[in-house]
Amino acid sequence: MLQTATNPWTDRKALIGRFAPGLPQLLHYRREWLRDDVVAGISVAAVAVPTAIAYAQLIGFDPIVGLYAAILPLVAYALFGTSRQLIVNPDAATCAVFAASVLPLAAGDHQALRSLSIALAVLTGLVCIAAGLFKLGFVADFLGKPILVGYLNGVAISIFLGQLGKVFGFSMHSRGIVPRFIELAEKLPHTHLPTLTVGLTTFAVILAGKHWWPRAPAPLLAMLVAGALVYGLDLEVGGVSVVGLLPSGLPGLTFPEFDPELLKPLLGGALGVALVSFSSGMVTARSFAARNHYEVDVDQEFIALGVCQIASGLSQGFAVAGADSRTAVNDDMGGKTQMVGVIAAVTMVTVLFFTEPLRYLPVAALGAVLIVAAIGLFDVRALQNMWRVNRAECALSVVTTFGVIWLDLLQGILMAVVAALLLLIKRASRPPDATLGRVPGMKGWHAQAHHEDAVTHPGLLVYRFGSAIVFFNAGYFKNRVMEIVGAHPDVRWLIVDGSTINLVDVTGAEMLESLTKELAARSIRFGLANARREVRTTLERAGVLKHIGPEFMFPTLNSASDAFHSRINA
């Protein structure tokens with residue numbers, strides 16, 4: 001038999017494309033894409049530079065560290081990511097969770113903060129890569145929108161309160177949202193008016209820029225104006241805090257060093273940062289993929305995010321995520337490929353060699369940028385939509401927000417996960433069910449509650465249960481069946497539609513055996529129609545089928561109905 005010779009180069013390209021899906025596209029880059037990608041890349045960098053500097057301040061780093069965290073992840077994602085528009089950079093929510101994880105461990109030691117931050121970023125990356133390799137990308141669907149919106153709203157409030165002190169010109173030392181609010185109220189009489197003026201000017205420029213020049217990099221314009229005010233009016237002498245002289249040049253690669261006893265809390269923080277950064281980033285990636293008519297690979301996205309975290313950590317940065325504001329800039333400017341990230345990275349590298357003007361950036365301006373980001377993070381429209389669609393989910397979102405406020409950020413993550421689990425279990429344990437009948441002029445069997453003209457047959461009861469039958473809803477299934485049977489004293493056959501039951505566990509199988517016996521004691525035969533193969537296998541192994549009887553395992557509901565009428569007529 002003839003065998004076709006394989007091309008080793010083709011095999012290598014396929015292997016490279018599997019682990020670094022962005023590389024083949026970069027290798028086959030089209031010249032006609034370059035203009036749009038260059039414009040988009042420079043625009044992304046214009047927004048990313050001031051934002052990254054501000055987010056470094058959020059954690060407590062020197063502002064230059066924000067640029068370190070913004071550059072290499074862009075290149076890493078261009079090679080390993082599957083979204084054509086997503087920009088991976090410092091993100092408000094991720095930075096807030098990162099800060100909540102690492103600041104208590106550093107205990108005010110700046111050198112320890114630097115080392116622990118590198119370690120946390122690398123650990124977060126390893127967690128993400130492991131999650132991707134084990135196909136855990138489905139966690140993007142786990143935190144539903146009510147949970148995610150509620151959590152991000154809580155983060156927004158935390159950032160907002162945490163930055164107000166910088167705008168008003170006094171330091172704040174409280175941890176937690178409520179203590180910060182109390183401290184802010186106590187210190188308001190000590191407001192430094194020149195600092196407040198700079199902060200309000202930054203707000204005004206950002207708002208004016210977004211209103212009059214929506215495609216312009218409003219944060220960059222605002223910081224240029226604020227820096228010019230400080231330099232031109234010599235406000236530093238008047239007590240306005242500035243960033244100061246920043247180191248120039250590329251950062252050296254640094255490997256994490258930390259006390260092994262801190263590995264456990266660092267790993268816990270890494271899990272929280274990974275969950276938040278991936279969940280929020282996937283919302284952004286999927287949104288822009290849908291807008292541009294392509295799909296993203298969620299498991300590969302986990303791996304790509306992990307590589308980005310490690311790249312950021314080793315270059316002395318901190319954790320990153322899919323940044324919605326910079327991704328929106330990329331899409332708005334017509335970016336075509338991941339080359340946008342590479343061009344933005346090259347642009348920011350250039351900035352690293354010209355850091356002298358950055359020394360005049362006022363801290364109040366950085367705080368104002370973060371406050372604007374926090375306001376944008378708070379999603380009022382989503383709450384309004386949830387209120388219209390499902391008020392219970394809206395309430396869940398609000399409860400999650402207050403959980404973040406009262407329990408702080410890391411505990412808020414745990415609460416969000418627990419809330420998601422409880423919501424999932426509640427819905428699965430009380431699934432929709434219905435008794436079924438035939439509707440004249442319609443094929444199949446339909447819920448009687450939705451069709452008043454549905455025809456049923458005396459003595460035959462057809463029941464549909466809209467979920468798997470497992471340990472947390474088996475008792476509910478049995479109770480519902482007995483309630484319905486009790487309401488139909490003439491029933492002789494109970495047929496369960498198995499088309500919606502994709503799983504029966506050991507508890508469910510034992511319950512079905514018990515139910516079959518109890519119904520038989522009432523002279524009612526239990527039958528199953530449309531049973532899936534895996535369900536039949538489970539029931540057979542559990543010995544339940546011998547109690548039901550092979551003659552009461554029907555291929556369709558119609559065959560069950562025909563068998564019933566044949567038995568009655570006989």
# chains A, B, ... in the order shown; residues from 1 in each chain; ligands from 1

$ residues_around --residues "A:Ala395" --least-positions-apart "2" --cutoff "12 Å" --atoms "only C-alpha atoms" --output "PyMOL selection string"
chain A and resi 146-147+149-150+383-384+386-393+397-402+419+423

$ residues_around --residues "stretch 432-437 of chain A" --least-positions-apart "2" --cutoff "7 Å" --atoms "only C-alpha atoms" --output "number ranges by chain"
A: 430, 439, 445-448, 454-456, 462-466

$ write_last_selection --atoms "N, CA and C atoms" --output "short mmCIF file (atom, residue, chain, number, x, y, z; two decimals), in the first residue's frame"
data_model
loop_
_atom_site.label_atom_id
_atom_site.label_comp_id
_atom_site.auth_asym_id
_atom_site.auth_seq_id
_atom_site.Cartn_x
_atom_site.Cartn_y
_atom_site.Cartn_z
N ARG A 430 -33.70 22.43 41.41
CA ARG A 430 -35.12 22.71 41.19
C ARG A 430 -35.35 23.06 39.72
N VAL A 439 -50.81 17.95 21.31
CA VAL A 439 -51.53 19.16 20.88
C VAL A 439 -51.98 18.98 19.44
N TRP A 445 -44.76 15.97 21.87
CA TRP A 445 -45.46 16.12 23.15
C TRP A 445 -45.08 17.47 23.76
N HIS A 446 -46.07 18.14 24.36
CA HIS A 446 -45.85 19.50 24.81
C HIS A 446 -46.41 19.69 26.22
N ALA A 447 -45.85 20.68 26.93
CA ALA A 447 -46.25 20.95 28.31
C ALA A 447 -47.71 21.39 28.37
N GLN A 448 -48.47 20.76 29.25
CA GLN A 448 -49.88 21.12 29.41
C GLN A 448 -50.03 22.55 29.92
N ALA A 454 -53.95 20.78 25.10
CA ALA A 454 -53.19 19.54 25.07
C ALA A 454 -54.08 18.37 25.49
N VAL A 455 -53.99 17.29 24.73
CA VAL A 455 -54.83 16.10 24.97
C VAL A 455 -54.06 15.10 25.81
N THR A 456 -54.67 14.65 26.90
CA THR A 456 -54.09 13.60 27.73
C THR A 456 -55.05 12.41 27.73
N VAL A 462 -47.59 11.43 31.45
CA VAL A 462 -46.26 11.62 30.85
C VAL A 462 -45.60 12.82 31.53
N TYR A 463 -44.38 12.61 32.04
CA TYR A 463 -43.71 13.62 32.87
C TYR A 463 -42.32 13.91 32.31
N ARG A 464 -41.96 15.20 32.28
CA ARG A 464 -40.63 15.61 31.82
C ARG A 464 -39.94 16.36 32.95
N PHE A 465 -38.68 15.97 33.21
CA PHE A 465 -37.84 16.59 34.25
C PHE A 465 -36.65 17.22 33.54
N GLY A 466 -36.46 18.53 33.68
CA GLY A 466 -35.50 19.26 32.86
C GLY A 466 -34.08 19.27 33.36
#

$ closest_residue --among "A:Thr327, A:Gly269, A:Thr516, A:Gln300" --to "A:Gly41" --atoms "only C-alpha atoms"
A:Thr327

$ residues_around --residues "A:Asp297" --least-positions-apart "5" --cutoff "9 Å" --atoms "only C-alpha atoms" --output "VMD selection string"
chain A and resid 81 to 83 137 302

$ select_by_dssp --residues "stretch 223-469 of chain A" --states "strand (DSSP E)" --output "PDB file with N, CA and C atoms, in the first residue's frame"
ATOM      1  N   ALA A 321      -4.048  41.543  32.384  1.00  0.00           N
ATOM      2  CA  ALA A 321      -5.288  40.916  31.920  1.00  0.00           C
ATOM      3  C   ALA A 321      -5.669  41.537  30.580  1.00  0.00           C
ATOM      4  N   GLY A 322      -6.722  41.016  29.983  1.00  0.00           N
ATOM      5  CA  GLY A 322      -7.257  41.636  28.780  1.00  0.00           C
ATOM      6  C   GLY A 322      -7.848  42.986  29.128  1.00  0.00           C
ATOM      7  N   ASP A 433     -40.055  21.446  35.252  1.00  0.00           N
ATOM      8  CA  ASP A 433     -40.640  20.151  34.891  1.00  0.00           C
ATOM      9  C   ASP A 433     -42.050  20.380  34.367  1.00  0.00           C
ATOM     10  N   ALA A 434     -42.657  19.356  33.816  1.00  0.00           N
ATOM     11  CA  ALA A 434     -43.987  19.522  33.220  1.00  0.00           C
ATOM     12  C   ALA A 434     -44.615  18.155  32.978  1.00  0.00           C
ATOM     13  N   THR A 435     -45.937  18.144  33.022  1.00  0.00           N
ATOM     14  CA  THR A 435     -46.677  16.998  32.495  1.00  0.00           C
ATOM     15  C   THR A 435     -46.994  17.299  31.036  1.00  0.00           C
ATOM     16  N   LEU A 436     -46.960  16.260  30.196  1.00  0.00           N
ATOM     17  CA  LEU A 436     -47.028  16.455  28.755  1.00  0.00           C
ATOM     18  C   LEU A 436     -48.302  15.875  28.157  1.00  0.00           C
ATOM     19  N   GLY A 437     -48.678  16.434  27.012  1.00  0.00           N
ATOM     20  CA  GLY A 437     -49.827  15.934  26.262  1.00  0.00           C
ATOM     21  C   GLY A 437     -49.617  16.170  24.777  1.00  0.00           C
ATOM     22  N   ARG A 438     -50.551  15.661  23.959  1.00  0.00           N
ATOM     23  CA  ARG A 438     -50.500  15.861  22.514  1.00  0.00           C
ATOM     24  C   ARG A 438     -51.359  17.070  22.164  1.00  0.00           C
ATOM     25  N   TRP A 445     -44.764  15.974  21.871  1.00  0.00           N
ATOM     26  CA  TRP A 445     -45.462  16.118  23.145  1.00  0.00           C
ATOM     27  C   TRP A 445     -45.076  17.467  23.757  1.00  0.00           C
ATOM     28  N   HIS A 446     -46.067  18.136  24.356  1.00  0.00           N
ATOM     29  CA  HIS A 446     -45.850  19.501  24.811  1.00  0.00           C
ATOM     30  C   HIS A 446     -46.408  19.690  26.223  1.00  0.00           C
ATOM     31  N   ALA A 447     -45.848  20.682  26.935  1.00  0.00           N
ATOM     32  CA  ALA A 447     -46.249  20.945  28.311  1.00  0.00           C
ATOM     33  C   ALA A 447     -47.706  21.387  28.374  1.00  0.00           C
ATOM     34  N   LEU A 460     -52.880   7.499  31.762  1.00  0.00           N
ATOM     35  CA  LEU A 460     -51.500   7.669  31.293  1.00  0.00           C
ATOM     36  C   LEU A 460     -50.998   9.050  31.690  1.00  0.00           C
ATOM     37  N   LEU A 461     -49.872   9.086  32.385  1.00  0.00           N
ATOM     38  CA  LEU A 461     -49.265  10.347  32.799  1.00  0.00           C
ATOM     39  C   LEU A 461     -47.844  10.404  32.236  1.00  0.00           C
ATOM     40  N   VAL A 462     -47.587  11.433  31.449  1.00  0.00           N
ATOM     41  CA  VAL A 462     -46.258  11.616  30.855  1.00  0.00           C
ATOM     42  C   VAL A 462     -45.604  12.819  31.532  1.00  0.00           C
ATOM     43  N   TYR A 463     -44.384  12.608  32.039  1.00  0.00           N
ATOM     44  CA  TYR A 463     -43.707  13.617  32.867  1.00  0.00           C
ATOM     45  C   TYR A 463     -42.320  13.907  32.313  1.00  0.00           C
ATOM     46  N   ARG A 464     -41.963  15.198  32.279  1.00  0.00           N
ATOM     47  CA  ARG A 464     -40.630  15.607  31.822  1.00  0.00           C
ATOM     48  C   ARG A 464     -39.939  16.360  32.947  1.00  0.00           C
ATOM     49  N   PHE A 465     -38.680  15.966  33.209  1.00  0.00           N
ATOM     50  CA  PHE A 465     -37.843  16.588  34.247  1.00  0.00           C
ATOM     51  C   PHE A 465     -36.654  17.219  33.544  1.00  0.00           C
TER      52      PHE A 465
END

$ residues_around --residues "A:Leu407" --least-positions-apart "3" --cutoff "12 Å" --atoms "only C-alpha atoms" --output "PyMOL selection string"
chain A and resi 100+151+154-155+158+175-179+399-404+410-416

$ decode --residues "stretch 483-509 of chain A" --atoms "N, CA and C atoms" --output "PDB file, in the first residue's frame"
ATOM      1  N   GLU A 483     -46.245  14.014  44.092  1.00  0.00           N
ATOM      2  CA  GLU A 483     -47.262  15.067  44.114  1.00  0.00           C
ATOM      3  C   GLU A 483     -48.171  14.975  42.889  1.00  0.00           C
ATOM      4  N   ILE A 484     -47.567  14.800  41.723  1.00  0.00           N
ATOM      5  CA  ILE A 484     -48.347  14.747  40.484  1.00  0.00           C
ATOM      6  C   ILE A 484     -49.220  13.499  40.451  1.00  0.00           C
ATOM      7  N   VAL A 485     -48.660  12.375  40.896  1.00  0.00           N
ATOM      8  CA  VAL A 485     -49.441  11.142  40.948  1.00  0.00           C
ATOM      9  C   VAL A 485     -50.608  11.294  41.912  1.00  0.00           C
ATOM     10  N   GLY A 486     -50.363  11.958  43.049  1.00  0.00           N
ATOM     11  CA  GLY A 486     -51.429  12.175  44.016  1.00  0.00           C
ATOM     12  C   GLY A 486     -52.550  13.034  43.471  1.00  0.00           C
ATOM     13  N   ALA A 487     -52.199  13.933  42.522  1.00  0.00           N
ATOM     14  CA  ALA A 487     -53.222  14.791  41.925  1.00  0.00           C
ATOM     15  C   ALA A 487     -53.979  14.109  40.789  1.00  0.00           C
ATOM     16  N   HIS A 488     -53.558  12.896  40.406  1.00  0.00           N
ATOM     17  CA  HIS A 488     -54.210  12.132  39.335  1.00  0.00           C
ATOM     18  C   HIS A 488     -54.517  10.733  39.857  1.00  0.00           C
ATOM     19  N   PRO A 489     -55.599  10.563  40.590  1.00  0.00           N
ATOM     20  CA  PRO A 489     -55.890   9.255  41.220  1.00  0.00           C
ATOM     21  C   PRO A 489     -56.166   8.138  40.209  1.00  0.00           C
ATOM     22  N   ASP A 490     -56.457   8.497  38.943  1.00  0.00           N
ATOM     23  CA  ASP A 490     -56.759   7.457  37.953  1.00  0.00           C
ATOM     24  C   ASP A 490     -55.535   6.953  37.205  1.00  0.00           C
ATOM     25  N   VAL A 491     -54.335   7.467  37.515  1.00  0.00           N
ATOM     26  CA  VAL A 491     -53.152   7.110  36.749  1.00  0.00           C
ATOM     27  C   VAL A 491     -52.795   5.637  36.957  1.00  0.00           C
ATOM     28  N   ARG A 492     -52.411   4.989  35.842  1.00  0.00           N
ATOM     29  CA  ARG A 492     -51.988   3.589  35.874  1.00  0.00           C
ATOM     30  C   ARG A 492     -50.559   3.433  35.359  1.00  0.00           C
ATOM     31  N   TRP A 493     -50.196   4.294  34.418  1.00  0.00           N
ATOM     32  CA  TRP A 493     -48.826   4.293  33.912  1.00  0.00           C
ATOM     33  C   TRP A 493     -48.218   5.688  34.097  1.00  0.00           C
ATOM     34  N   LEU A 494     -46.997   5.731  34.603  1.00  0.00           N
ATOM     35  CA  LEU A 494     -46.220   6.975  34.640  1.00  0.00           C
ATOM     36  C   LEU A 494     -45.024   6.794  33.720  1.00  0.00           C
ATOM     37  N   ILE A 495     -44.980   7.569  32.658  1.00  0.00           N
ATOM     38  CA  ILE A 495     -43.877   7.500  31.704  1.00  0.00           C
ATOM     39  C   ILE A 495     -43.044   8.774  31.838  1.00  0.00           C
ATOM     40  N   VAL A 496     -41.763   8.627  32.100  1.00  0.00           N
ATOM     41  CA  VAL A 496     -40.843   9.762  32.215  1.00  0.00           C
ATOM     42  C   VAL A 496     -40.111   9.941  30.884  1.00  0.00           C
ATOM     43  N   ASP A 497     -40.153  11.170  30.367  1.00  0.00           N
ATOM     44  CA  ASP A 497     -39.432  11.496  29.140  1.00  0.00           C
ATOM     45  C   ASP A 497     -37.945  11.660  29.475  1.00  0.00           C
ATOM     46  N   GLY A 498     -37.122  10.739  28.984  1.00  0.00           N
ATOM     47  CA  GLY A 498     -35.699  10.749  29.317  1.00  0.00           C
ATOM     48  C   GLY A 498     -34.852  11.616  28.409  1.00  0.00           C
ATOM     49  N   SER A 499     -35.457  12.319  27.463  1.00  0.00           N
ATOM     50  CA  SER A 499     -34.662  13.104  26.506  1.00  0.00           C
ATOM     51  C   SER A 499     -33.915  14.254  27.176  1.00  0.00           C
ATOM     52  N   THR A 500     -34.417  14.743  28.299  1.00  0.00           N
ATOM     53  CA  THR A 500     -33.770  15.866  28.992  1.00  0.00           C
ATOM     54  C   THR A 500     -32.910  15.408  30.167  1.00  0.00           C
ATOM     55  N   ILE A 501     -32.798  14.095  30.367  1.00  0.00           N
ATOM     56  CA  ILE A 501     -32.019  13.556  31.483  1.00  0.00           C
ATOM     57  C   ILE A 501     -30.730  12.977  30.909  1.00  0.00           C
ATOM     58  N   ASN A 502     -29.634  13.728  31.039  1.00  0.00           N
ATOM     59  CA  ASN A 502     -28.370  13.290  30.444  1.00  0.00           C
ATOM     60  C   ASN A 502     -27.462  12.560  31.415  1.00  0.00           C
ATOM     61  N   LEU A 503     -27.878  12.445  32.678  1.00  0.00           N
ATOM     62  CA  LEU A 503     -27.037  11.782  33.675  1.00  0.00           C
ATOM     63  C   LEU A 503     -27.897  11.305  34.834  1.00  0.00           C
ATOM     64  N   VAL A 504     -27.586  10.119  35.323  1.00  0.00           N
ATOM     65  CA  VAL A 504     -28.170   9.610  36.559  1.00  0.00           C
ATOM     66  C   VAL A 504     -27.017   9.065  37.390  1.00  0.00           C
ATOM     67  N   ASP A 505     -26.824   9.593  38.608  1.00  0.00           N
ATOM     68  CA  ASP A 505     -25.738   9.086  39.447  1.00  0.00           C
ATOM     69  C   ASP A 505     -26.251   7.984  40.365  1.00  0.00           C
ATOM     70  N   VAL A 506     -25.425   7.516  41.282  1.00  0.00           N
ATOM     71  CA  VAL A 506     -25.792   6.396  42.154  1.00  0.00           C
ATOM     72  C   VAL A 506     -27.008   6.751  43.006  1.00  0.00           C
ATOM     73  N   THR A 507     -27.017   7.977  43.552  1.00  0.00           N
ATOM     74  CA  THR A 507     -28.156   8.401  44.372  1.00  0.00           C
ATOM     75  C   THR A 507     -29.436   8.434  43.536  1.00  0.00           C
ATOM     76  N   GLY A 508     -29.320   8.960  42.311  1.00  0.00           N
ATOM     77  CA  GLY A 508     -30.479   9.009  41.430  1.00  0.00           C
ATOM     78  C   GLY A 508     -30.973   7.627  41.064  1.00  0.00           C
ATOM     79  N   ALA A 509     -30.057   6.680  40.820  1.00  0.00           N
ATOM     80  CA  ALA A 509     -30.459   5.312  40.470  1.00  0.00           C
ATOM     81  C   ALA A 509     -31.183   4.635  41.639  1.00  0.00           C
TER      82      ALA A 509
END
